[in-house]
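Coordinates as given in run33.tsv (TSV, N, CA, C and O atoms):
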```
chain	number	residue	atom	x	y	z
Y	894	PHE	N	61.43	-109.57	-15.53
Y	894	PHE	CA	60.02	-109.88	-15.40
Y	894	PHE	C	59.58	-110.76	-16.57
Y	894	PHE	O	60.12	-110.67	-17.66
Y	895	THR	N	58.56	-111.56	-16.31
Y	895	THR	CA	57.89	-112.33	-17.33
Y	895	THR	C	56.41	-112.00	-17.25
Y	895	THR	O	55.86	-111.91	-16.16
Y	896	MET	N	55.78	-111.81	-18.42
Y	896	MET	CA	54.36	-111.47	-18.43
Y	896	MET	C	53.60	-112.47	-19.29
Y	896	MET	O	54.00	-112.77	-20.41
Y	897	ILE	N	52.51	-112.98	-18.74
Y	897	ILE	CA	51.65	-113.93	-19.44
Y	897	ILE	C	50.24	-113.34	-19.45
Y	897	ILE	O	49.77	-112.84	-18.42
Y	898	THR	N	49.57	-113.41	-20.59
Y	898	THR	CA	48.18	-112.97	-20.66
Y	898	THR	C	47.32	-114.10	-21.19
Y	898	THR	O	47.77	-114.88	-22.03
Y	899	CYS	N	46.11	-114.19	-20.69
Y	899	CYS	CA	45.15	-115.17	-21.19
Y	899	CYS	C	43.75	-114.58	-20.99
Y	899	CYS	O	43.52	-113.74	-20.14
Y	900	GLY	N	42.83	-115.02	-21.82
Y	900	GLY	CA	41.47	-114.49	-21.79
Y	900	GLY	C	40.69	-114.98	-20.58
Y	900	GLY	O	40.98	-116.02	-20.01
Y	901	ASN	N	39.70	-114.19	-20.19
Y	901	ASN	CA	38.77	-114.62	-19.15
Y	901	ASN	C	37.35	-114.27	-19.61
Y	901	ASN	O	37.15	-113.36	-20.40
Y	902	PRO	N	36.35	-115.01	-19.14
Y	902	PRO	CA	34.99	-114.79	-19.62
Y	902	PRO	C	34.28	-113.57	-19.03
Y	902	PRO	O	33.20	-113.22	-19.46
Y	903	ASN	N	34.89	-112.90	-18.06
Y	903	ASN	CA	34.22	-111.82	-17.34
Y	903	ASN	C	34.38	-110.44	-17.97
Y	903	ASN	O	33.79	-109.48	-17.51
Y	904	GLN	N	35.21	-110.30	-19.00
Y	904	GLN	CA	35.46	-109.02	-19.66
Y	904	GLN	C	36.00	-107.96	-18.70
Y	904	GLN	O	35.68	-106.79	-18.81
Y	905	VAL	N	36.80	-108.40	-17.73
Y	905	VAL	CA	37.46	-107.47	-16.82
Y	905	VAL	C	38.96	-107.67	-16.92
Y	905	VAL	O	39.44	-108.72	-17.34
Y	906	LYS	N	39.71	-106.66	-16.52
Y	906	LYS	CA	41.16	-106.74	-16.49
Y	906	LYS	C	41.57	-107.21	-15.09
Y	906	LYS	O	41.20	-106.59	-14.10
Y	907	ARG	N	42.31	-108.30	-15.03
Y	907	ARG	CA	42.75	-108.80	-13.73
Y	907	ARG	C	44.26	-108.98	-13.74
Y	907	ARG	O	44.86	-109.22	-14.79
Y	908	LEU	N	44.85	-108.88	-12.56
Y	908	LEU	CA	46.30	-108.97	-12.41
Y	908	LEU	C	46.64	-110.06	-11.42
Y	908	LEU	O	46.05	-110.13	-10.34
Y	909	GLY	N	47.62	-110.88	-11.76
Y	909	GLY	CA	48.19	-111.86	-10.85
Y	909	GLY	C	49.68	-111.60	-10.75
Y	909	GLY	O	50.32	-111.27	-11.74
Y	910	ILE	N	50.23	-111.73	-9.55
Y	910	ILE	CA	51.64	-111.42	-9.33
Y	910	ILE	C	52.28	-112.59	-8.60
Y	910	ILE	O	51.73	-113.07	-7.60
Y	911	THR	N	53.44	-113.02	-9.08
Y	911	THR	CA	54.24	-114.01	-8.35
Y	911	THR	C	55.66	-113.49	-8.24
Y	911	THR	O	56.22	-112.95	-9.20
Y	912	VAL	N	56.21	-113.62	-7.06
Y	912	VAL	CA	57.60	-113.25	-6.81
Y	912	VAL	C	58.21	-114.41	-6.03
Y	912	VAL	O	57.74	-114.75	-4.94
Y	913	THR	N	59.25	-115.04	-6.57
Y	913	THR	CA	59.85	-116.19	-5.92
Y	913	THR	C	60.62	-115.78	-4.68
Y	913	THR	O	61.08	-114.64	-4.56
Y	914	LYS	N	60.78	-116.72	-3.77
Y	914	LYS	CA	61.56	-116.45	-2.56
Y	914	LYS	C	63.01	-116.16	-2.87
Y	914	LYS	O	63.71	-115.51	-2.10
Y	915	LYS	N	63.47	-116.62	-4.02
Y	915	LYS	CA	64.85	-116.37	-4.43
Y	915	LYS	C	65.08	-114.90	-4.77
Y	915	LYS	O	66.22	-114.47	-4.90
Y	916	ALA	N	64.00	-114.12	-4.92
Y	916	ALA	CA	64.12	-112.69	-5.23
Y	916	ALA	C	64.57	-111.91	-4.00
Y	916	ALA	O	65.06	-110.80	-4.13
Y	917	GLY	N	64.36	-112.47	-2.81
Y	917	GLY	CA	64.77	-111.78	-1.59
Y	917	GLY	C	63.84	-112.11	-0.44
Y	917	GLY	O	62.95	-112.97	-0.56
Y	918	ASN	N	64.03	-111.42	0.66
Y	918	ASN	CA	63.19	-111.67	1.83
Y	918	ASN	C	61.81	-111.05	1.63
Y	918	ASN	O	61.51	-110.48	0.58
Y	919	ALA	N	60.94	-111.17	2.61
Y	919	ALA	CA	59.55	-110.73	2.48
Y	919	ALA	C	59.45	-109.23	2.17
Y	919	ALA	O	58.57	-108.82	1.40
Y	920	VAL	N	60.33	-108.44	2.74
Y	920	VAL	CA	60.30	-106.99	2.49
Y	920	VAL	C	60.56	-106.70	1.01
Y	920	VAL	O	59.84	-105.91	0.39
Y	921	VAL	N	61.53	-107.37	0.44
Y	921	VAL	CA	61.88	-107.16	-0.97
Y	921	VAL	C	60.76	-107.67	-1.87
Y	921	VAL	O	60.36	-107.00	-2.82
Y	922	ARG	N	60.23	-108.85	-1.58
Y	922	ARG	CA	59.15	-109.42	-2.40
Y	922	ARG	C	57.91	-108.53	-2.36
Y	922	ARG	O	57.28	-108.29	-3.40
Y	923	ASN	N	57.56	-108.04	-1.19
Y	923	ASN	CA	56.38	-107.17	-1.08
Y	923	ASN	C	56.58	-105.85	-1.81
Y	923	ASN	O	55.63	-105.30	-2.38
Y	924	ARG	N	57.80	-105.33	-1.83
Y	924	ARG	CA	58.07	-104.09	-2.57
Y	924	ARG	C	57.84	-104.31	-4.06
Y	924	ARG	O	57.23	-103.47	-4.72
Y	925	PHE	N	58.33	-105.44	-4.59
Y	925	PHE	CA	58.09	-105.74	-6.00
Y	925	PHE	C	56.60	-105.83	-6.29
Y	925	PHE	O	56.11	-105.31	-7.29
Y	926	LYS	N	55.86	-106.47	-5.41
Y	926	LYS	CA	54.41	-106.60	-5.61
Y	926	LYS	C	53.73	-105.24	-5.60
Y	926	LYS	O	52.86	-104.97	-6.43
Y	927	ARG	N	54.14	-104.37	-4.68
Y	927	ARG	CA	53.55	-103.02	-4.63
Y	927	ARG	C	53.86	-102.24	-5.91
Y	927	ARG	O	52.99	-101.55	-6.44
Y	928	LEU	N	55.10	-102.34	-6.40
Y	928	LEU	CA	55.48	-101.63	-7.62
Y	928	LEU	C	54.67	-102.13	-8.81
Y	928	LEU	O	54.19	-101.34	-9.63
Y	929	ILE	N	54.48	-103.44	-8.92
Y	929	ILE	CA	53.73	-104.01	-10.03
Y	929	ILE	C	52.26	-103.61	-9.95
Y	929	ILE	O	51.64	-103.24	-10.95
Y	930	ARG	N	51.68	-103.67	-8.74
Y	930	ARG	CA	50.28	-103.27	-8.57
Y	930	ARG	C	50.07	-101.80	-8.94
Y	930	ARG	O	49.09	-101.44	-9.58
Y	931	GLU	N	51.01	-100.94	-8.55
Y	931	GLU	CA	50.91	-99.52	-8.86
Y	931	GLU	C	51.00	-99.29	-10.36
Y	931	GLU	O	50.27	-98.48	-10.92
Y	932	PHE	N	51.89	-100.02	-11.02
Y	932	PHE	CA	51.99	-99.91	-12.47
Y	932	PHE	C	50.67	-100.31	-13.13
Y	932	PHE	O	50.18	-99.63	-14.02
Y	933	PHE	N	50.07	-101.41	-12.68
Y	933	PHE	CA	48.80	-101.87	-13.25
Y	933	PHE	C	47.70	-100.84	-13.01
Y	933	PHE	O	46.92	-100.54	-13.90
Y	934	ARG	N	47.67	-100.26	-11.82
Y	934	ARG	CA	46.64	-99.27	-11.48
Y	934	ARG	C	46.77	-98.04	-12.38
Y	934	ARG	O	45.77	-97.51	-12.88
Y	935	ARG	N	47.99	-97.57	-12.61
Y	935	ARG	CA	48.20	-96.35	-13.40
Y	935	ARG	C	48.10	-96.56	-14.91
Y	935	ARG	O	47.89	-95.60	-15.65
Y	936	ASN	N	48.28	-97.79	-15.37
Y	936	ASN	CA	48.37	-98.05	-16.81
Y	936	ASN	C	47.39	-99.12	-17.27
Y	936	ASN	O	47.72	-99.95	-18.11
Y	937	LYS	N	46.17	-99.08	-16.78
Y	937	LYS	CA	45.18	-100.09	-17.16
Y	937	LYS	C	44.86	-100.06	-18.64
Y	937	LYS	O	44.46	-101.06	-19.21
Y	938	ASP	N	45.08	-98.92	-19.29
Y	938	ASP	CA	44.78	-98.83	-20.72
Y	938	ASP	C	45.74	-99.67	-21.57
Y	938	ASP	O	45.43	-99.98	-22.72
Y	939	LEU	N	46.90	-100.07	-21.04
Y	939	LEU	CA	47.83	-100.92	-21.77
Y	939	LEU	C	47.36	-102.37	-21.84
Y	939	LEU	O	47.84	-103.14	-22.67
Y	940	PHE	N	46.45	-102.75	-20.95
Y	940	PHE	CA	46.02	-104.13	-20.86
Y	940	PHE	C	44.66	-104.31	-21.52
Y	940	PHE	O	43.75	-103.52	-21.29
Y	941	PRO	N	44.49	-105.36	-22.32
Y	941	PRO	CA	43.21	-105.57	-23.01
Y	941	PRO	C	42.11	-106.00	-22.04
Y	941	PRO	O	42.37	-106.71	-21.07
Y	942	ALA	N	40.88	-105.55	-22.31
Y	942	ALA	CA	39.74	-105.96	-21.49
Y	942	ALA	C	39.48	-107.44	-21.70
Y	942	ALA	O	39.71	-107.98	-22.78
Y	943	GLY	N	39.02	-108.10	-20.67
Y	943	GLY	CA	38.71	-109.51	-20.77
Y	943	GLY	C	39.92	-110.41	-20.75
Y	943	GLY	O	39.88	-111.53	-21.24
Y	944	HIS	N	41.02	-109.92	-20.19
Y	944	HIS	CA	42.24	-110.73	-20.10
Y	944	HIS	C	42.81	-110.70	-18.70
Y	944	HIS	O	42.75	-109.68	-18.01
Y	945	ASP	N	43.35	-111.83	-18.30
Y	945	ASP	CA	44.11	-111.92	-17.06
Y	945	ASP	C	45.58	-111.73	-17.41
Y	945	ASP	O	46.06	-112.27	-18.40
Y	946	THR	N	46.27	-110.95	-16.62
Y	946	THR	CA	47.69	-110.73	-16.83
Y	946	THR	C	48.44	-111.21	-15.60
Y	946	THR	O	48.11	-110.83	-14.48
Y	947	ILE	N	49.42	-112.05	-15.82
Y	947	ILE	CA	50.24	-112.58	-14.73
Y	947	ILE	C	51.65	-112.03	-14.92
Y	947	ILE	O	52.24	-112.17	-15.99
Y	948	VAL	N	52.17	-111.40	-13.89
Y	948	VAL	CA	53.53	-110.86	-13.92
Y	948	VAL	C	54.35	-111.65	-12.92
Y	948	VAL	O	54.00	-111.76	-11.75
Y	949	MET	N	55.45	-112.21	-13.41
Y	949	MET	CA	56.34	-112.99	-12.55
Y	949	MET	C	57.68	-112.27	-12.43
Y	949	MET	O	58.29	-111.92	-13.44
Y	950	ALA	N	58.08	-112.03	-11.21
Y	950	ALA	CA	59.39	-111.44	-10.95
Y	950	ALA	C	60.34	-112.58	-10.64
Y	950	ALA	O	60.08	-113.40	-9.76
Y	951	LYS	N	61.41	-112.67	-11.36
Y	951	LYS	CA	62.35	-113.77	-11.22
Y	951	LYS	C	63.43	-113.46	-10.19
Y	951	LYS	O	63.51	-112.35	-9.66
Y	952	LYS	N	64.27	-114.44	-9.93
Y	952	LYS	CA	65.34	-114.26	-8.97
Y	952	LYS	C	66.41	-113.32	-9.51
Y	952	LYS	O	66.46	-113.06	-10.72
Y	953	ASN	N	67.22	-112.81	-8.63
Y	953	ASN	CA	68.36	-111.94	-8.96
Y	953	ASN	C	67.94	-110.62	-9.62
Y	953	ASN	O	68.66	-110.08	-10.44
Y	954	ILE	N	66.78	-110.10	-9.26
Y	954	ILE	CA	66.37	-108.79	-9.76
Y	954	ILE	C	66.97	-107.73	-8.83
Y	954	ILE	O	66.80	-107.81	-7.61
Y	955	PRO	N	67.68	-106.76	-9.38
Y	955	PRO	CA	68.23	-105.72	-8.51
Y	955	PRO	C	67.10	-104.83	-7.98
Y	955	PRO	O	66.01	-104.78	-8.56
Y	956	PRO	N	67.33	-104.12	-6.90
Y	956	PRO	CA	66.31	-103.20	-6.39
Y	956	PRO	C	66.01	-102.14	-7.46
Y	956	PRO	O	66.91	-101.51	-8.00
Y	957	LEU	N	64.73	-101.98	-7.78
Y	957	LEU	CA	64.32	-101.06	-8.83
Y	957	LEU	C	63.50	-99.92	-8.27
Y	957	LEU	O	62.76	-100.09	-7.30
Y	958	THR	N	63.60	-98.76	-8.91
Y	958	THR	CA	62.72	-97.65	-8.58
Y	958	THR	C	61.41	-97.84	-9.36
Y	958	THR	O	61.34	-98.70	-10.24
Y	959	TYR	N	60.42	-97.02	-9.06
Y	959	TYR	CA	59.16	-97.13	-9.79
Y	959	TYR	C	59.38	-96.82	-11.27
Y	959	TYR	O	58.81	-97.49	-12.14
Y	960	GLN	N	60.21	-95.84	-11.59
Y	960	GLN	CA	60.44	-95.45	-12.98
Y	960	GLN	C	61.08	-96.60	-13.77
Y	960	GLN	O	60.70	-96.85	-14.92
Y	961	GLU	N	62.03	-97.30	-13.17
Y	961	GLU	CA	62.66	-98.43	-13.84
Y	961	GLU	C	61.67	-99.58	-14.03
Y	961	GLU	O	61.63	-100.20	-15.10
Y	962	THR	N	60.86	-99.83	-13.01
Y	962	THR	CA	59.84	-100.87	-13.10
Y	962	THR	C	58.83	-100.52	-14.18
Y	962	THR	O	58.44	-101.37	-14.99
Y	963	GLU	N	58.42	-99.27	-14.23
Y	963	GLU	CA	57.45	-98.82	-15.22
Y	963	GLU	C	58.01	-98.99	-16.63
Y	963	GLU	O	57.30	-99.45	-17.54
Y	964	ARG	N	59.26	-98.64	-16.84
Y	964	ARG	CA	59.88	-98.78	-18.15
Y	964	ARG	C	59.91	-100.24	-18.59
Y	964	ARG	O	59.53	-100.58	-19.72
Y	965	GLU	N	60.32	-101.13	-17.69
Y	965	GLU	CA	60.39	-102.56	-18.01
Y	965	GLU	C	59.01	-103.13	-18.32
Y	965	GLU	O	58.82	-103.84	-19.31
Y	966	LEU	N	58.03	-102.83	-17.48
Y	966	LEU	CA	56.70	-103.41	-17.65
Y	966	LEU	C	55.96	-102.78	-18.84
Y	966	LEU	O	55.18	-103.47	-19.50
Y	967	THR	N	56.20	-101.51	-19.12
Y	967	THR	CA	55.59	-100.89	-20.30
Y	967	THR	C	56.09	-101.57	-21.56
Y	967	THR	O	55.31	-101.87	-22.47
Y	968	GLU	N	57.38	-101.83	-21.61
Y	968	GLU	CA	57.95	-102.51	-22.77
Y	968	GLU	C	57.33	-103.90	-22.93
Y	968	GLU	O	56.95	-104.29	-24.04
Y	969	LEU	N	57.20	-104.63	-21.84
Y	969	LEU	CA	56.58	-105.95	-21.90
Y	969	LEU	C	55.12	-105.89	-22.34
Y	969	LEU	O	54.69	-106.67	-23.18
Y	970	ALA	N	54.38	-104.97	-21.76
Y	970	ALA	CA	52.95	-104.87	-22.06
Y	970	ALA	C	52.71	-104.46	-23.50
Y	970	ALA	O	51.82	-104.99	-24.17
Y	971	THR	N	53.50	-103.52	-24.02
Y	971	THR	CA	53.30	-103.10	-25.41
Y	971	THR	C	53.71	-104.19	-26.37
Y	971	THR	O	53.08	-104.37	-27.42
Y	972	ARG	N	54.74	-104.94	-26.04
Y	972	ARG	CA	55.14	-106.06	-26.88
Y	972	ARG	C	54.08	-107.16	-26.88
Y	972	ARG	O	53.80	-107.77	-27.89
Y	973	LYS	N	53.45	-107.37	-25.71
Y	973	LYS	CA	52.44	-108.41	-25.56
Y	973	LYS	C	51.16	-108.06	-26.32
Y	973	LYS	O	50.57	-108.91	-26.96
Y	974	THR	N	50.72	-106.80	-26.25
Y	974	THR	CA	49.46	-106.41	-26.87
Y	974	THR	C	49.66	-105.92	-28.31
Y	974	THR	O	48.67	-105.73	-29.02
Y	975	GLY	N	50.89	-105.69	-28.72
Y	975	GLY	CA	51.15	-105.23	-30.07
Y	975	GLY	C	50.86	-103.77	-30.31
Y	975	GLY	O	50.66	-103.33	-31.42
Y	976	ARG	N	50.85	-102.96	-29.25
Y	976	ARG	CA	50.58	-101.52	-29.37
Y	976	ARG	C	51.85	-100.75	-29.54
Y	976	ARG	O	52.86	-100.96	-29.10
```
Encoded form using structure tokens:
Amino acid sequence: FTMITCGNPNQVKRLGITVTKKAGNAVVRNRFKRLIREFFRRNKDLFPAGHDTIVMAKKNIPPLTYQETERELTELATRKTGR
């Protein structure tokens, strides 16, 4: 995964998700999107207010469980925010 954050003037936390077609067929891509959305929903406190967060899932990602996805994205989010 790659995570990018940038400020927004609305002081709300927003999420953008991109998954390339090289990651797999529509079923696989939608599963990644659901996992990322669920992580964002459960862990909004990791993300700063007033920032947009974009999560990109790259090609050749193996099928992940929610726990594996959570571990990867938590590490990225804490590194990004410095917490």
Give me the residues within 12 Å of Val921 of chain Y as a ChimeraX atom specification, counting only C-alpha atoms and dropping any in the same chain fewer than 2 places off.
/Y:912-919,923-928,950,952-957
Contacts of segment 901-910 of chain Y at 7 Å or less, counting all atoms listed in the file, minus same-chain residues fewer than 3 places along, as a PDB file with N, CA, C and O atoms, keeping the file's coordinate frame?
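After the write, out.pdb holds the following:
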```pdb
ATOM      1  N   ILE Y 897      52.510-112.980 -18.740  1.00  0.00           N
ATOM      2  CA  ILE Y 897      51.650-113.930 -19.440  1.00  0.00           C
ATOM      3  C   ILE Y 897      50.240-113.340 -19.450  1.00  0.00           C
ATOM      4  O   ILE Y 897      49.770-112.840 -18.420  1.00  0.00           O
ATOM      5  N   LYS Y 926      55.860-106.470  -5.410  1.00  0.00           N
ATOM      6  CA  LYS Y 926      54.410-106.600  -5.610  1.00  0.00           C
ATOM      7  C   LYS Y 926      53.730-105.240  -5.600  1.00  0.00           C
ATOM      8  O   LYS Y 926      52.860-104.970  -6.430  1.00  0.00           O
ATOM      9  N   PHE Y 940      46.450-102.750 -20.950  1.00  0.00           N
ATOM     10  CA  PHE Y 940      46.020-104.130 -20.860  1.00  0.00           C
ATOM     11  C   PHE Y 940      44.660-104.310 -21.520  1.00  0.00           C
ATOM     12  O   PHE Y 940      43.750-103.520 -21.290  1.00  0.00           O
ATOM     13  N   PRO Y 941      44.490-105.360 -22.320  1.00  0.00           N
ATOM     14  CA  PRO Y 941      43.210-105.570 -23.010  1.00  0.00           C
ATOM     15  C   PRO Y 941      42.110-106.000 -22.040  1.00  0.00           C
ATOM     16  O   PRO Y 941      42.370-106.710 -21.070  1.00  0.00           O
ATOM     17  N   ALA Y 942      40.880-105.550 -22.310  1.00  0.00           N
ATOM     18  CA  ALA Y 942      39.740-105.960 -21.490  1.00  0.00           C
ATOM     19  C   ALA Y 942      39.480-107.440 -21.700  1.00  0.00           C
ATOM     20  O   ALA Y 942      39.710-107.980 -22.780  1.00  0.00           O
ATOM     21  N   GLY Y 943      39.020-108.100 -20.670  1.00  0.00           N
ATOM     22  CA  GLY Y 943      38.710-109.510 -20.770  1.00  0.00           C
ATOM     23  C   GLY Y 943      39.920-110.410 -20.750  1.00  0.00           C
ATOM     24  O   GLY Y 943      39.880-111.530 -21.240  1.00  0.00           O
ATOM     25  N   HIS Y 944      41.020-109.920 -20.190  1.00  0.00           N
ATOM     26  CA  HIS Y 944      42.240-110.730 -20.100  1.00  0.00           C
ATOM     27  C   HIS Y 944      42.810-110.700 -18.700  1.00  0.00           C
ATOM     28  O   HIS Y 944      42.750-109.680 -18.010  1.00  0.00           O
ATOM     29  N   ASP Y 945      43.350-111.830 -18.300  1.00  0.00           N
ATOM     30  CA  ASP Y 945      44.110-111.920 -17.060  1.00  0.00           C
ATOM     31  C   ASP Y 945      45.580-111.730 -17.410  1.00  0.00           C
ATOM     32  O   ASP Y 945      46.060-112.270 -18.400  1.00  0.00           O
ATOM     33  N   THR Y 946      46.270-110.950 -16.620  1.00  0.00           N
ATOM     34  CA  THR Y 946      47.690-110.730 -16.830  1.00  0.00           C
ATOM     35  C   THR Y 946      48.440-111.210 -15.600  1.00  0.00           C
ATOM     36  O   THR Y 946      48.110-110.830 -14.480  1.00  0.00           O
ATOM     37  N   ILE Y 947      49.420-112.050 -15.820  1.00  0.00           N
ATOM     38  CA  ILE Y 947      50.240-112.580 -14.730  1.00  0.00           C
ATOM     39  C   ILE Y 947      51.650-112.030 -14.920  1.00  0.00           C
ATOM     40  O   ILE Y 947      52.240-112.170 -15.990  1.00  0.00           O
ATOM     41  N   VAL Y 948      52.170-111.400 -13.890  1.00  0.00           N
ATOM     42  CA  VAL Y 948      53.530-110.860 -13.920  1.00  0.00           C
ATOM     43  C   VAL Y 948      54.350-111.650 -12.920  1.00  0.00           C
ATOM     44  O   VAL Y 948      54.000-111.760 -11.750  1.00  0.00           O
ATOM     45  N   MET Y 949      55.450-112.210 -13.410  1.00  0.00           N
ATOM     46  CA  MET Y 949      56.340-112.990 -12.550  1.00  0.00           C
ATOM     47  C   MET Y 949      57.680-112.270 -12.430  1.00  0.00           C
ATOM     48  O   MET Y 949      58.290-111.920 -13.440  1.00  0.00           O
ATOM     49  N   ALA Y 950      58.080-112.030 -11.210  1.00  0.00           N
ATOM     50  CA  ALA Y 950      59.390-111.440 -10.950  1.00  0.00           C
ATOM     51  C   ALA Y 950      60.340-112.580 -10.640  1.00  0.00           C
ATOM     52  O   ALA Y 950      60.080-113.400  -9.760  1.00  0.00           O
TER      53      ALA Y 950
END
```
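Here atom O of Gly900 of chain Y is placed at a distance of 29.3 Å from atom N of Tyr959 of chain Y.
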Backbone-only DSSP, helix (DSSP H, G or I) members of chain Y, as a PyMOL selection string:
chain Y and resi 914-916+919-935+937-939+959-974
Pairwise distance for atom CA of Thr898 of chain Y and atom N of Val920 of chain Y, rounded to one decimal in Å:
26.8 Å
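Here atom C of Glu931 of chain Y stands at a distance of 17.0 Å from atom C of Thr971 of chain Y.
On the backbone of this structure, DSSP gives strand (DSSP E or B) within segment 936-965 of chain Y to His944, Asp945, Thr946, Ile947, Val948, Met949 and Ala950 of chain Y.
If you measure from each of Y:Thr911, Y:Glu968, Y:Glu963, Y:Thr958 to Phe932 of chain Y using only C-alpha atoms, the closest one turns out to be Y:Glu963.
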Would you fill out segment 951-958 of chain Y with all heavy atoms and return it as a compact mmCIF listing (two decimals), in the coordinates of the input?
```
# COMPACT_ATOMS: atom_id res chain seq x y z
N LYS Y 951 61.41 -112.67 -11.36
CA LYS Y 951 62.35 -113.77 -11.22
C LYS Y 951 63.43 -113.46 -10.19
O LYS Y 951 63.51 -112.35 -9.66
CB LYS Y 951 63.01 -114.06 -12.58
CG LYS Y 951 62.04 -114.44 -13.65
CD LYS Y 951 61.45 -115.80 -13.36
CE LYS Y 951 60.57 -116.22 -14.53
NZ LYS Y 951 60.19 -117.58 -14.49
N LYS Y 952 64.27 -114.44 -9.93
CA LYS Y 952 65.34 -114.26 -8.97
C LYS Y 952 66.41 -113.32 -9.51
O LYS Y 952 66.46 -113.06 -10.72
CB LYS Y 952 65.97 -115.60 -8.61
CG LYS Y 952 66.63 -116.31 -9.77
CD LYS Y 952 67.20 -117.63 -9.34
CE LYS Y 952 67.78 -118.34 -10.55
NZ LYS Y 952 68.38 -119.59 -10.21
N ASN Y 953 67.22 -112.81 -8.63
CA ASN Y 953 68.36 -111.94 -8.96
C ASN Y 953 67.94 -110.62 -9.62
O ASN Y 953 68.66 -110.08 -10.44
CB ASN Y 953 69.37 -112.66 -9.86
CG ASN Y 953 69.94 -113.89 -9.19
OD1 ASN Y 953 70.07 -113.94 -7.98
ND2 ASN Y 953 70.26 -114.89 -9.99
N ILE Y 954 66.78 -110.10 -9.26
CA ILE Y 954 66.37 -108.79 -9.76
C ILE Y 954 66.97 -107.73 -8.83
O ILE Y 954 66.80 -107.81 -7.61
CB ILE Y 954 64.84 -108.64 -9.78
CG1 ILE Y 954 64.23 -109.63 -10.76
CG2 ILE Y 954 64.43 -107.23 -10.15
CD1 ILE Y 954 62.73 -109.59 -10.79
N PRO Y 955 67.68 -106.76 -9.38
CA PRO Y 955 68.23 -105.72 -8.51
C PRO Y 955 67.10 -104.83 -7.98
O PRO Y 955 66.01 -104.78 -8.56
CB PRO Y 955 69.14 -104.93 -9.45
CG PRO Y 955 68.58 -105.17 -10.80
CD PRO Y 955 68.00 -106.56 -10.78
N PRO Y 956 67.33 -104.12 -6.90
CA PRO Y 956 66.31 -103.20 -6.39
C PRO Y 956 66.01 -102.14 -7.46
O PRO Y 956 66.91 -101.51 -8.00
CB PRO Y 956 66.97 -102.55 -5.17
CG PRO Y 956 68.11 -103.43 -4.83
CD PRO Y 956 68.52 -104.15 -6.07
N LEU Y 957 64.73 -101.98 -7.78
CA LEU Y 957 64.32 -101.06 -8.83
C LEU Y 957 63.50 -99.92 -8.27
O LEU Y 957 62.76 -100.09 -7.30
CB LEU Y 957 63.46 -101.80 -9.87
CG LEU Y 957 64.08 -102.97 -10.60
CD1 LEU Y 957 63.03 -103.68 -11.45
CD2 LEU Y 957 65.23 -102.51 -11.47
N THR Y 958 63.60 -98.76 -8.91
CA THR Y 958 62.72 -97.65 -8.58
C THR Y 958 61.41 -97.84 -9.36
O THR Y 958 61.34 -98.70 -10.24
CB THR Y 958 63.35 -96.31 -8.97
OG1 THR Y 958 63.50 -96.28 -10.40
CG2 THR Y 958 64.69 -96.09 -8.30
```
